[in-house]
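Shown next, in structure tokens, is the structure this report addresses.
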Amino acid sequence: MSVAGQLLVLQLVVFTVVAIVAGVLIVVDERRETDDATRRAVTDVAVTAAAFPEVAEGLLAPDPTAALQARAERIREATGVDFVVIVDLDGIRVTHPIPEQIGRPYTGHTEQARAGRPFSETYTGSLGPSIRTIAPVYDDGGELVGFVSAGVTRQRIAENFVRSLPGIVGLVAAGLVVTAAGGLLIARRLRRQTLGLNPDQLRRMYEHHDAVLHSIGEGLLVFGTANGSPRVDIVNDEARRLLGLDPTEAVTFDELPATVRDLADAGEVRDEVHLTEERILVVNSDAVRWNRRRIGTVVTLRDHTELRSVLGELESVRGFTESLRAQAHESANRLHTIITMVELGRTDEAVAFATEELEVSQHLIDRLTTAVHEPALAALLLGKIEQAAERDVDLTVTEETELGPVPSIPARDLVTLVGNLIDNAIDASQSADEPWVEVTVRQDDSSMFVEVADSGPGMSPDTLTQAMQRGYSTKSEQRGLGLALVAQVVARHGGTLRTEPSLGAMVVAEIPLGSRP
């Protein structure tokens, strides 16, 4: 089903559910309002009837039924209630719509009426469930002489309520028709804009489009129009490189070389040579049309200054020694730390950290001040958070992270230890649907702990032992040296490295404080 069709179905389902819920709420509210109105009406009838002097006189007469039955029936017929029952002080009916019920006890509560207050209730009596009100009757001297009860049966209330239902149903149906018509119009417009494609087709089109843009070896530009003027819709990475454009910023039409701008309105161009300040480009151009209307231009760029691409770089890397591979792996973390420290404005510390590389062999351990306030470690953690975010991994430095002054552990060793553990955790977490990494650097009275947990599958102790060997990796490519370098630092300081599965997959490095290599 197309996006437009799915949206239409979703709208109809949502609107139908909303309309049904609204209709039910209206029905419930109408039922409650009907009950309230009935209660007010029967209260008015009972109170008014109880105030007639003739009612009090009839209750005091030798034959109350003969004096009041006809009057009670006239009141009932005039007010439209189902019954008007007059009751004496003993709770015996003296009037009733059904003569056989006269002389029998009143079915209902009279306590509040005896206390002088009209009382309304829903009660099942001789005529069935009803909403009724009973009011006290007083003689001229203010003495209580009886009661008047007026009510409407639930059956009659339900019949009146059912007669009002067609209007409510019609209102709900009209709302559904209007929303369906509106949804259909929206769906038709969306179908035209999405070319009738379904979400999977759009997703695949985008994925293929994005993959092609980033993978093709030629520069690609796509020009469109905005208010009659040409604009740049697409510029892939290779086109940015060939044209010397900023790799991250949006590209405007005026930033392009003049000879490339001219192609926006050109027709078919084949293998034209265009010169830039640094490169010789071979350009091809084609107009893009839709329904016989030109909607843009596609331009491809090929770098002709290089006759062949460098395809043998991987072979040259294979000749590196294990020590050089370890050095490169270690230097990547240090370089990342130095760059981040410079970005944070800590240029002096960055220079000190960079020059410290020359003194590693003589100074294996230096005094560590604090984990968070140590510039190198702080820069590393900040840089890794950003690096993880670029890979859609949620990296968290926990609130438990806190290191006070500790015996000397050089900043480069902290970077090696924490940086490689984080790198391996980020790689391992990629197997989860929602990858995450948690880092804790803390201490107790005798040891420093670095705990790195992730959402990956974890490692058994045997696997960890293998991973600590130089060159071994659980990654798909045999180029992971992280844990081997971590193990070197931990062993140098007399510590231990272990796994703990208590929180996802966790690797814990414990280094005794004050130890010396």
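Naming scheme: A, B, ... for chains in displayed order of the structure tokens; residues 1 onward per chain; ligands 1 onward as shown.
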**OP:** Find the residues around Val94 in chain A up to 12 Å (only C-alpha atoms counted), leave out those fewer than 2 positions away in its own chain, and share them as a PyMOL selection string.
**Re:** chain A and resi 55+58-72+84-92+96-106+146-149
Original post:
Just asking: which residues within range 61-273 of chain A are helix (DSSP H, G or I) according to DSSP, as a VMD selection string?
Top reply: chain A and resid 64 to 79 99 to 101 111 to 114 154 to 193 199 to 215 237 to 243 253 to 255 258 to 265
Test item: residues at most 9 Å from Ser455 in chain A, only C-alpha atoms, excluding those fewer than 5 positions along its chain, as a tab-separated table (two decimals) with N, CA, C and O atoms, in the first residue's frame:
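And here's part18.tsv as it stands now:
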```tsv
chain	number	residue	atom	x	y	z
A	425	ALA	N	34.16	-1.41	23.36
A	425	ALA	CA	32.76	-1.46	23.78
A	425	ALA	C	31.85	-0.88	22.69
A	425	ALA	O	30.77	-1.41	22.43
A	426	ILE	N	32.29	0.19	22.04
A	426	ILE	CA	31.48	0.78	20.96
A	426	ILE	C	31.31	-0.23	19.82
A	426	ILE	O	30.22	-0.41	19.29
A	428	ALA	N	31.54	-3.52	20.02
A	428	ALA	CA	30.74	-4.66	20.45
A	428	ALA	C	29.27	-4.31	20.56
A	428	ALA	O	28.40	-5.14	20.30
A	429	SER	N	28.96	-3.07	20.94
A	429	SER	CA	27.55	-2.68	21.14
A	429	SER	C	26.77	-2.60	19.84
A	429	SER	O	25.54	-2.55	19.87
A	430	GLN	N	27.47	-2.56	18.70
A	430	GLN	CA	26.77	-2.40	17.43
A	430	GLN	C	25.84	-3.58	17.12
A	430	GLN	O	24.94	-3.45	16.29
A	431	SER	N	26.05	-4.71	17.79
A	431	SER	CA	25.19	-5.86	17.52
A	431	SER	C	23.80	-5.71	18.13
A	431	SER	O	22.90	-6.48	17.82
A	432	ALA	N	23.61	-4.75	19.03
A	432	ALA	CA	22.31	-4.55	19.68
A	432	ALA	C	21.44	-3.61	18.86
A	432	ALA	O	21.94	-2.77	18.10
A	433	ASP	N	20.13	-3.74	19.04
A	433	ASP	CA	19.20	-2.85	18.33
A	433	ASP	C	19.34	-1.42	18.81
A	433	ASP	O	19.23	-0.48	18.02
A	434	GLU	N	19.58	-1.23	20.11
A	434	GLU	CA	19.77	0.10	20.68
A	434	GLU	C	21.12	0.10	21.40
A	434	GLU	O	21.20	-0.10	22.62
A	435	PRO	N	22.20	0.32	20.69
A	435	PRO	CA	23.53	0.20	21.29
A	435	PRO	C	23.80	1.27	22.35
A	435	PRO	O	23.40	2.42	22.19
A	436	TRP	N	24.46	0.88	23.41
A	436	TRP	CA	24.83	1.81	24.47
A	436	TRP	C	26.12	1.38	25.11
A	436	TRP	O	26.51	0.21	25.08
A	437	VAL	N	26.79	2.35	25.72
A	437	VAL	CA	28.03	2.10	26.45
A	437	VAL	C	27.99	2.96	27.71
A	437	VAL	O	27.59	4.13	27.65
A	503	LEU	N	25.87	-6.16	34.25
A	503	LEU	CA	25.21	-5.07	33.55
A	503	LEU	C	25.56	-5.18	32.08
A	503	LEU	O	26.57	-4.68	31.63
A	504	GLY	N	24.71	-5.85	31.32
A	504	GLY	CA	25.03	-6.07	29.92
A	504	GLY	C	26.32	-6.88	29.85
A	504	GLY	O	26.45	-7.95	30.43
A	505	ALA	N	27.31	-6.35	29.14
A	505	ALA	CA	28.65	-6.94	29.09
A	505	ALA	C	29.60	-5.91	29.67
A	505	ALA	O	29.67	-4.78	29.19
A	506	MET	N	30.31	-6.27	30.73
A	506	MET	CA	31.16	-5.31	31.41
A	506	MET	C	32.58	-5.84	31.50
A	506	MET	O	32.81	-7.00	31.82
```
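Atom to atom, CA of Glu451 in chain A and CA of Glu438 in chain A stand 8.0 Å apart.
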Subject >> Closest of A:Leu243, A:Ile216, A:Ile131, A:Val21 to Asp36 in chain A - atom-to-atom distances counting only C-alpha atoms >> reply: A:Ile131
